[in-house]
>>> print(open('work19.pdb').read())   # PDB, C-alpha atoms
MODEL        1
ATOM      1  CA  MET A  20     265.373 -25.634  13.364
ATOM      2  CA  THR A  21     263.168 -26.195  10.307
ATOM      3  CA  PRO A  22     264.256 -26.410   6.660
ATOM      4  CA  LYS A  23     262.451 -23.122   5.995
ATOM      5  CA  ALA A  24     264.301 -21.363   8.800
ATOM      6  CA  ALA A  25     267.639 -22.879   7.779
ATOM      7  CA  ILE A  26     267.368 -21.818   4.165
ATOM      8  CA  ALA A  27     266.254 -18.351   5.312
ATOM      9  CA  GLU A  28     269.536 -18.042   7.229
ATOM     10  CA  LEU A  29     271.462 -18.872   4.086
ATOM     11  CA  ARG A  30     269.332 -16.577   1.898
ATOM     12  CA  ALA A  31     270.153 -13.697   4.238
ATOM     13  CA  LEU A  32     273.788 -14.141   3.159
ATOM     14  CA  ALA A  33     273.036 -14.389  -0.569
ATOM     15  CA  ASP A  34     275.394 -12.780  -3.062
ATOM     16  CA  PRO A  35     273.598 -12.485  -6.434
ATOM     17  CA  ALA A  36     276.800 -11.880  -8.391
ATOM     18  CA  LYS A  37     278.470 -14.923  -6.846
ATOM     19  CA  ALA A  38     275.291 -16.947  -7.408
ATOM     20  CA  ALA A  39     275.381 -16.126 -11.115
ATOM     21  CA  GLU A  40     279.027 -17.230 -11.301
ATOM     22  CA  MET A  41     278.189 -20.500  -9.547
ATOM     23  CA  HIS A  42     275.282 -21.175 -11.900
ATOM     24  CA  LYS A  43     277.544 -20.662 -14.886
ATOM     25  CA  TYR A  44     280.279 -22.842 -13.376
ATOM     26  CA  HIS A  45     278.134 -25.792 -12.273
ATOM     27  CA  LYS A  46     276.009 -25.731 -15.452
ATOM     28  CA  VAL A  47     272.916 -27.117 -13.709
ATOM     29  CA  ASP A  48     269.664 -25.164 -13.509
ATOM     30  CA  ARG A  49     268.766 -24.837  -9.835
ATOM     31  CA  PRO A  50     268.695 -21.882  -7.450
ATOM     32  CA  TYR A  51     272.124 -20.670  -6.271
ATOM     33  CA  LEU A  52     272.518 -18.266  -3.374
ATOM     34  CA  GLY A  53     276.205 -17.491  -3.753
ATOM     35  CA  VAL A  54     277.126 -18.611  -0.224
ATOM     36  CA  ALA A  55     280.638 -20.045   0.233
ATOM     37  CA  ASN A  56     281.216 -23.507   1.691
ATOM     38  CA  PRO A  57     283.022 -22.279   4.847
ATOM     39  CA  VAL A  58     279.987 -20.172   5.678
ATOM     40  CA  ILE A  59     277.689 -23.149   5.142
ATOM     41  CA  ASP A  60     279.967 -25.140   7.465
ATOM     42  CA  GLN A  61     279.534 -22.584  10.241
ATOM     43  CA  HIS A  62     275.762 -22.701  10.015
ATOM     44  CA  VAL A  63     275.608 -26.487   9.823
ATOM     45  CA  LYS A  64     277.743 -26.797  12.951
ATOM     46  CA  ALA A  65     275.401 -24.468  14.809
ATOM     47  CA  TRP A  66     272.305 -26.344  13.661
ATOM     48  CA  ARG A  67     273.762 -29.717  14.595
ATOM     49  CA  ALA A  68     274.627 -28.523  18.093
ATOM     50  CA  ASP A  69     270.997 -27.721  18.892
ATOM     51  CA  ILE A  70     269.058 -30.693  17.501
ATOM     52  CA  ASP A  71     268.772 -34.447  18.007
ATOM     53  CA  LEU A  72     269.380 -36.991  15.252
ATOM     54  CA  GLU A  73     265.737 -37.350  14.261
ATOM     55  CA  THR A  74     265.396 -33.599  13.802
ATOM     56  CA  ARG A  75     268.700 -33.452  11.941
ATOM     57  CA  LEU A  76     267.527 -36.112   9.479
ATOM     58  CA  ALA A  77     264.286 -34.197   8.915
ATOM     59  CA  LEU A  78     266.233 -30.978   8.392
ATOM     60  CA  ALA A  79     268.577 -32.627   5.900
ATOM     61  CA  LYS A  80     265.669 -34.163   4.036
ATOM     62  CA  GLY A  81     263.882 -30.818   3.806
ATOM     63  CA  LEU A  82     266.985 -28.949   2.681
ATOM     64  CA  TRP A  83     267.588 -31.506  -0.050
ATOM     65  CA  LYS A  84     263.991 -31.289  -1.219
ATOM     66  CA  GLY A  85     264.286 -27.491  -1.461
ATOM     67  CA  ASN A  86     266.825 -28.018  -4.278
ATOM     68  CA  THR A  87     268.994 -24.945  -3.768
ATOM     69  CA  HIS A  88     272.669 -25.648  -4.325
ATOM     70  CA  GLU A  89     273.595 -24.441  -0.851
ATOM     71  CA  GLY A  90     270.698 -26.285   0.760
ATOM     72  CA  ARG A  91     271.789 -29.586  -0.766
ATOM     73  CA  VAL A  92     275.388 -28.998   0.267
ATOM     74  CA  ALA A  93     274.187 -28.235   3.792
ATOM     75  CA  ALA A  94     272.040 -31.370   3.810
ATOM     76  CA  ALA A  95     275.096 -33.479   3.014
ATOM     77  CA  LYS A  96     277.204 -31.707   5.633
ATOM     78  CA  LEU A  97     274.551 -32.384   8.276
ATOM     79  CA  LEU A  98     275.195 -36.103   7.777
ATOM     80  CA  THR A  99     279.001 -35.972   7.472
ATOM     81  CA  GLN A 100     280.089 -37.474  10.760
ATOM     82  CA  ALA A 101     282.319 -40.429  11.647
ATOM     83  CA  ARG A 102     280.046 -41.749  14.391
ATOM     84  CA  ILE A 103     276.309 -41.264  14.460
ATOM     85  CA  ARG A 104     274.466 -42.434  17.555
ATOM     86  CA  PRO A 105     272.291 -44.142  18.575
ATOM     87  CA  GLU A 106     272.397 -45.775  15.127
ATOM     88  CA  ASP A 107     273.030 -44.564  11.628
ATOM     89  CA  ASP A 108     270.656 -46.560   9.417
ATOM     90  CA  GLY A 109     268.413 -43.534   8.954
ATOM     91  CA  ALA A 110     271.353 -41.402   7.825
ATOM     92  CA  TRP A 111     272.561 -44.073   5.406
ATOM     93  CA  ASP A 112     269.082 -44.589   3.971
ATOM     94  CA  LEU A 113     268.701 -40.848   3.412
ATOM     95  CA  ILE A 114     272.078 -40.635   1.661
ATOM     96  CA  VAL A 115     271.150 -43.568  -0.587
ATOM     97  CA  SER A 116     267.829 -41.907  -1.441
ATOM     98  CA  TRP A 117     269.705 -38.859  -2.749
ATOM     99  CA  VAL A 118     272.023 -40.718  -5.128
ATOM    100  CA  PRO A 119     269.506 -40.963  -8.012
ATOM    101  CA  ASP A 120     269.105 -37.154  -7.822
ATOM    102  CA  PHE A 121     272.788 -36.473  -8.501
ATOM    103  CA  ASP A 122     273.276 -34.218 -11.493
ATOM    104  CA  ALA A 123     276.435 -32.229 -10.723
ATOM    105  CA  TRP A 124     279.802 -33.116  -9.261
ATOM    106  CA  ALA A 125     279.954 -30.675  -6.336
ATOM    107  CA  ILE A 126     276.740 -31.741  -4.637
ATOM    108  CA  ALA A 127     277.439 -35.387  -5.483
ATOM    109  CA  ASP A 128     280.882 -35.176  -3.904
ATOM    110  CA  HIS A 129     279.574 -33.618  -0.690
ATOM    111  CA  VAL A 130     277.040 -36.418  -0.351
ATOM    112  CA  CYS A 131     279.680 -39.011  -1.178
ATOM    113  CA  ILE A 132     281.867 -37.700   1.644
ATOM    114  CA  ALA A 133     278.950 -38.238   4.017
ATOM    115  CA  GLY A 134     278.444 -41.697   2.508
ATOM    116  CA  GLN A 135     282.121 -42.575   2.967
ATOM    117  CA  LYS A 136     281.696 -42.206   6.734
ATOM    118  CA  ARG A 137     278.703 -44.517   6.747
ATOM    119  CA  LEU A 138     280.447 -47.153   4.636
ATOM    120  CA  VAL A 139     283.469 -47.174   6.914
ATOM    121  CA  ALA A 140     281.100 -47.494   9.870
ATOM    122  CA  ASN A 141     279.417 -50.492   8.228
ATOM    123  CA  PRO A 142     281.318 -52.022   5.277
ATOM    124  CA  ASN A 143     278.495 -54.519   4.715
ATOM    125  CA  ARG A 144     276.794 -51.653   2.897
ATOM    126  CA  LEU A 145     279.191 -52.249   0.006
ATOM    127  CA  ASP A 146     276.724 -54.919  -1.121
ATOM    128  CA  GLU A 147     274.189 -52.160  -1.741
ATOM    129  CA  VAL A 148     276.745 -49.915  -3.431
ATOM    130  CA  GLU A 149     277.791 -52.696  -5.792
ATOM    131  CA  ALA A 150     274.343 -52.582  -7.381
ATOM    132  CA  TRP A 151     275.029 -48.974  -8.372
ATOM    133  CA  THR A 152     277.805 -50.069 -10.727
ATOM    134  CA  THR A 153     275.297 -51.261 -13.330
ATOM    135  CA  SER A 154     272.921 -48.297 -13.041
ATOM    136  CA  ASP A 155     271.787 -46.440 -16.162
ATOM    137  CA  HIS A 156     272.452 -43.204 -14.237
ATOM    138  CA  MET A 157     276.052 -42.080 -14.756
ATOM    139  CA  TRP A 158     276.212 -40.201 -11.458
ATOM    140  CA  THR A 159     275.127 -43.308  -9.551
ATOM    141  CA  ARG A 160     277.858 -45.370 -11.199
ATOM    142  CA  ARG A 161     280.387 -42.662 -10.400
ATOM    143  CA  ALA A 162     279.242 -42.551  -6.766
ATOM    144  CA  ALA A 163     280.214 -46.203  -6.317
ATOM    145  CA  LEU A 164     283.869 -45.200  -6.732
ATOM    146  CA  VAL A 165     283.814 -41.798  -5.054
ATOM    147  CA  MET A 166     282.021 -43.122  -1.990
ATOM    148  CA  THR A 167     284.498 -45.991  -1.583
ATOM    149  CA  LEU A 168     287.661 -43.854  -1.641
ATOM    150  CA  PRO A 169     288.453 -44.730   2.015
ATOM    151  CA  TRP A 170     289.620 -48.131   0.797
ATOM    152  CA  THR A 171     292.405 -46.444  -1.146
ATOM    153  CA  LYS A 172     293.872 -44.791   1.922
ATOM    154  CA  GLN A 173     294.973 -47.487   4.370
ATOM    155  CA  ASN A 174     298.734 -47.940   4.701
ATOM    156  CA  HIS A 175     298.360 -51.222   6.535
ATOM    157  CA  PRO A 176     294.972 -52.636   5.541
ATOM    158  CA  LYS A 177     293.581 -55.699   7.241
ATOM    159  CA  PRO A 178     292.986 -58.759   5.040
ATOM    160  CA  GLU A 179     289.278 -57.987   4.847
ATOM    161  CA  ASP A 180     290.059 -54.441   3.673
ATOM    162  CA  LEU A 181     292.440 -55.755   1.016
ATOM    163  CA  ALA A 182     289.585 -57.942  -0.185
ATOM    164  CA  ARG A 183     287.319 -54.891  -0.320
ATOM    165  CA  ARG A 184     290.014 -52.968  -2.197
ATOM    166  CA  ASP A 185     290.193 -55.730  -4.787
ATOM    167  CA  ARG A 186     286.409 -55.875  -4.987
ATOM    168  CA  ILE A 187     286.178 -52.159  -5.777
ATOM    169  CA  LEU A 188     289.004 -52.399  -8.300
ATOM    170  CA  GLY A 189     286.867 -55.055  -9.957
ATOM    171  CA  TRP A 190     284.062 -52.513 -10.257
ATOM    172  CA  ALA A 191     286.493 -50.006 -11.741
ATOM    173  CA  ALA A 192     287.587 -52.605 -14.285
ATOM    174  CA  THR A 193     284.018 -52.817 -15.577
ATOM    175  CA  TYR A 194     284.037 -49.044 -16.148
ATOM    176  CA  VAL A 195     287.152 -48.756 -18.313
ATOM    177  CA  THR A 196     285.296 -48.959 -21.630
ATOM    178  CA  ASP A 197     282.810 -46.285 -20.529
ATOM    179  CA  HIS A 198     284.428 -43.139 -21.912
ATOM    180  CA  ASP A 199     282.184 -40.622 -20.192
ATOM    181  CA  TRP A 200     284.582 -38.011 -18.792
ATOM    182  CA  PHE A 201     283.244 -38.239 -15.238
ATOM    183  CA  ILE A 202     283.471 -42.035 -15.191
ATOM    184  CA  GLN A 203     287.030 -42.015 -16.513
ATOM    185  CA  LYS A 204     287.907 -39.302 -13.987
ATOM    186  CA  SER A 205     286.468 -41.424 -11.157
ATOM    187  CA  ILE A 206     288.612 -44.405 -12.160
ATOM    188  CA  ALA A 207     291.687 -42.178 -12.322
ATOM    189  CA  TRP A 208     290.847 -40.625  -8.939
ATOM    190  CA  TRP A 209     290.533 -44.011  -7.264
ATOM    191  CA  LEU A 210     293.775 -45.277  -8.758
ATOM    192  CA  ARG A 211     295.692 -42.065  -8.051
ATOM    193  CA  GLU A 212     294.701 -42.158  -4.381
ATOM    194  CA  LEU A 213     295.511 -45.859  -4.164
ATOM    195  CA  SER A 214     298.929 -45.305  -5.750
ATOM    196  CA  LYS A 215     300.025 -43.437  -2.619
ATOM    197  CA  HIS A 216     299.608 -46.625  -0.581
ATOM    198  CA  ASP A 217     299.544 -49.640  -2.933
ATOM    199  CA  THR A 218     301.589 -49.135  -6.083
ATOM    200  CA  ASP A 219     301.556 -52.806  -7.048
ATOM    201  CA  ARG A 220     297.788 -52.947  -7.427
ATOM    202  CA  VAL A 221     297.706 -49.718  -9.428
ATOM    203  CA  ARG A 222     300.448 -50.869 -11.783
ATOM    204  CA  ALA A 223     298.699 -54.201 -12.249
ATOM    205  CA  PHE A 224     295.402 -52.479 -13.032
ATOM    206  CA  LEU A 225     297.003 -50.160 -15.568
ATOM    207  CA  ASP A 226     298.981 -52.989 -17.160
ATOM    208  CA  THR A 227     295.687 -54.788 -17.753
ATOM    209  CA  HIS A 228     293.299 -51.945 -18.537
ATOM    210  CA  ALA A 229     295.195 -48.827 -19.666
ATOM    211  CA  ASP A 230     294.634 -49.538 -23.365
ATOM    212  CA  ALA A 231     290.855 -49.370 -22.829
ATOM    213  CA  MET A 232     290.960 -46.138 -20.819
ATOM    214  CA  LYS A 233     291.077 -42.574 -22.072
ATOM    215  CA  PRO A 234     294.666 -41.257 -22.193
ATOM    216  CA  PHE A 235     293.948 -38.422 -19.739
ATOM    217  CA  ALA A 236     292.654 -40.941 -17.189
ATOM    218  CA  VAL A 237     295.727 -43.156 -17.537
ATOM    219  CA  LYS A 238     297.979 -40.135 -17.070
ATOM    220  CA  GLU A 239     296.037 -38.971 -13.999
ATOM    221  CA  ALA A 240     295.940 -42.456 -12.476
ATOM    222  CA  ALA A 241     299.714 -42.806 -12.795
ATOM    223  CA  ARG A 242     300.586 -39.269 -11.698
ATOM    224  CA  LYS A 243     301.604 -40.236  -8.145
ATOM    225  CA  LEU A 244     303.353 -43.503  -9.026
ATOM    226  CA  PRO A 245     307.081 -43.573  -8.295
ATOM    227  CA  ALA A 246     309.196 -43.230 -11.417
TER
ENDMDL
END
>>> encode(input="work19.pdb", output="structure tokens")
Amino acid sequence: MTPKAAIAELRALADPAKAAEMHKYHKVDRPYLGVANPVIDQHVKAWRADIDLETRLALAKGLWKGNTHEGRVAAAKLLTQARIRPEDDGAWDLIVSWVPDFDAWAIADHVCIAGQKRLVANPNRLDEVEAWTTSDHMWTRRAALVMTLPWTKQNHPKPEDLARRDRILGWAATYVTDHDWFIQKSIAWWLRELSKHDTDRVRAFLDTHADAMKPFAVKEAARKLPA
């Protein structure tokens, strides 16, 4: 499977009317085919079944370079896997190489889901992600929180995961005075997810930082807290 052949499969399913709606919704100028995510999932699963890791990385790289919305979503889905063998450094490096290209939330979130798997597989990569928190590129800063969402979800975290949770909350604390909507939303998202498992840390964060945050973000962060 080559990138050209893969995108041809998706183009064969194009819906121009849906593509126009997607372009209007995502507000980023790139080609849209109008292919739904479940359909992309089906094709990605078929491609993955027939190729080795090296070919899959090349396919993902080519699809990303092609810059269609669906191609970039498919590229991310090709790398969304809990365990990648024989080793996943190539997948992680490719994901990292895409972060500076982020320019819209949907594609960014698909890539971040793939990145979440690689961070859980090797939490030492948080050192690399931490450098993103001071980037001039808003989407890179946002990715540091979206890609680390797994550390909000443990009910019984190990001590080392509690330390990582506190580390990431420290990153979020540096974002509170950045009132870009997407940054504030990312803080709220992280805190809202964490509130389902660790109310004390969320309350402590909001007690300290709520005054500096946008009101909508404070409301969203606290939405799942017990009354």
>>> residues_around(input="work19.pdb", residues="range 31-33 of chain A", least_positions_apart="4", cutoff="8 Å", atoms="only C-alpha atoms", output="PyMOL selection string")
chain A and resi 27+38+52-54
>>> resolve_selection(input="work19.pdb", expression="the PyMOL selection byres ((chain A and resi 179-189) around 8)", output="PyMOL selection string")
chain A and resi 164+167+170-171+176-178+190-193+224
>>> residues_near_point(input="work19.pdb", point="(261.8, -41.3, 0.7)", cutoff="12 Å", atoms="all atoms listed in the file", output="list in words")
Leu76, Ala77, Lys80, Gly81, Trp83, Lys84, Gly109, Ala110, Asp112, Leu113, Ile114, Val115, Ser116, Trp117, Val118, Pro119 and Asp120 of chain A
>>> atom_distance(input="work19.pdb", atom1="CA of Ala229 in chain A", atom2="CA of Ala207 in chain A")
10.5 Å
>>> closest_residue(input="work19.pdb", among="A:His198, A:Arg220, A:Lys215, A:His129", to="Val165 in chain A", atoms="all atoms listed in the file")
A:His129
>>> resolve_selection(input="work19.pdb", expression="the PyMOL selection byres ((chain A and resi 41) around 10)", output="list in words")
Pro35, Ala36, Lys37, Ala38, Ala39, Glu40, His42, Lys43, Tyr44, His45, Lys46, Val47, Pro50, Tyr51, Leu52, Gly53, Val54 and His88 of chain A
>>> write_last_selection(input="work19.pdb", atoms="C-alpha atoms", output="PDB file, in the coordinates of the input")
ATOM      1  CA  PRO A  35     273.598 -12.485  -6.434  1.00  0.00           C
ATOM      2  CA  ALA A  36     276.800 -11.880  -8.391  1.00  0.00           C
ATOM      3  CA  LYS A  37     278.470 -14.923  -6.846  1.00  0.00           C
ATOM      4  CA  ALA A  38     275.291 -16.947  -7.408  1.00  0.00           C
ATOM      5  CA  ALA A  39     275.381 -16.126 -11.115  1.00  0.00           C
ATOM      6  CA  GLU A  40     279.027 -17.230 -11.301  1.00  0.00           C
ATOM      7  CA  HIS A  42     275.282 -21.175 -11.900  1.00  0.00           C
ATOM      8  CA  LYS A  43     277.544 -20.662 -14.886  1.00  0.00           C
ATOM      9  CA  TYR A  44     280.279 -22.842 -13.376  1.00  0.00           C
ATOM     10  CA  HIS A  45     278.134 -25.792 -12.273  1.00  0.00           C
ATOM     11  CA  LYS A  46     276.009 -25.731 -15.452  1.00  0.00           C
ATOM     12  CA  VAL A  47     272.916 -27.117 -13.709  1.00  0.00           C
ATOM     13  CA  PRO A  50     268.695 -21.882  -7.450  1.00  0.00           C
ATOM     14  CA  TYR A  51     272.124 -20.670  -6.271  1.00  0.00           C
ATOM     15  CA  LEU A  52     272.518 -18.266  -3.374  1.00  0.00           C
ATOM     16  CA  GLY A  53     276.205 -17.491  -3.753  1.00  0.00           C
ATOM     17  CA  VAL A  54     277.126 -18.611  -0.224  1.00  0.00           C
ATOM     18  CA  HIS A  88     272.669 -25.648  -4.325  1.00  0.00           C
TER      19      HIS A  88
END
>>> residues_near_point(input="work19.pdb", point="(274.9, -20.2, 6.2)", cutoff="6 Å", atoms="only C-alpha atoms", output="PDB file with C-alpha atoms, keeping the file's coordinate frame")
ATOM      1  CA  GLU A  28     269.536 -18.042   7.229  1.00  0.00           C
ATOM      2  CA  LEU A  29     271.462 -18.872   4.086  1.00  0.00           C
ATOM      3  CA  VAL A  58     279.987 -20.172   5.678  1.00  0.00           C
ATOM      4  CA  ILE A  59     277.689 -23.149   5.142  1.00  0.00           C
ATOM      5  CA  HIS A  62     275.762 -22.701  10.015  1.00  0.00           C
TER       6      HIS A  62
END
>>> closest_atom_pairs(input="work19.pdb", of="range 30-93 of chain A", to="range 100-106 of chain A", cutoff="12 Å", atoms="all atoms listed in the file", output="JSON lines")
{"residue": "A:Val63", "atom": "CA", "partner": "A:Gln100", "partner_atom": "CA", "distance": 11.9}
{"residue": "A:Lys64", "atom": "CA", "partner": "A:Gln100", "partner_atom": "CA", "distance": 11.1}
{"residue": "A:Arg67", "atom": "CA", "partner": "A:Gln100", "partner_atom": "CA", "distance": 10.7}
{"residue": "A:Asp71", "atom": "CA", "partner": "A:Arg104", "partner_atom": "CA", "distance": 9.8}
{"residue": "A:Leu72", "atom": "CA", "partner": "A:Arg104", "partner_atom": "CA", "distance": 7.8}
{"residue": "A:Glu73", "atom": "CA", "partner": "A:Pro105", "partner_atom": "CA", "distance": 10.4}
{"residue": "A:Arg75", "atom": "CA", "partner": "A:Ile103", "partner_atom": "CA", "distance": 11.2}
{"residue": "A:Leu76", "atom": "CA", "partner": "A:Ile103", "partner_atom": "CA", "distance": 11.3}
>>> closest_residue(input="work19.pdb", among="A:Ala163, A:Phe121, A:Pro169, A:Asp60", to="Asp146 in chain A", atoms="all atoms listed in the file")
A:Ala163
>>> atom_distance(input="work19.pdb", atom1="CA of Ala68 in chain A", atom2="CA of Asp107 in chain A")
17.4 Å
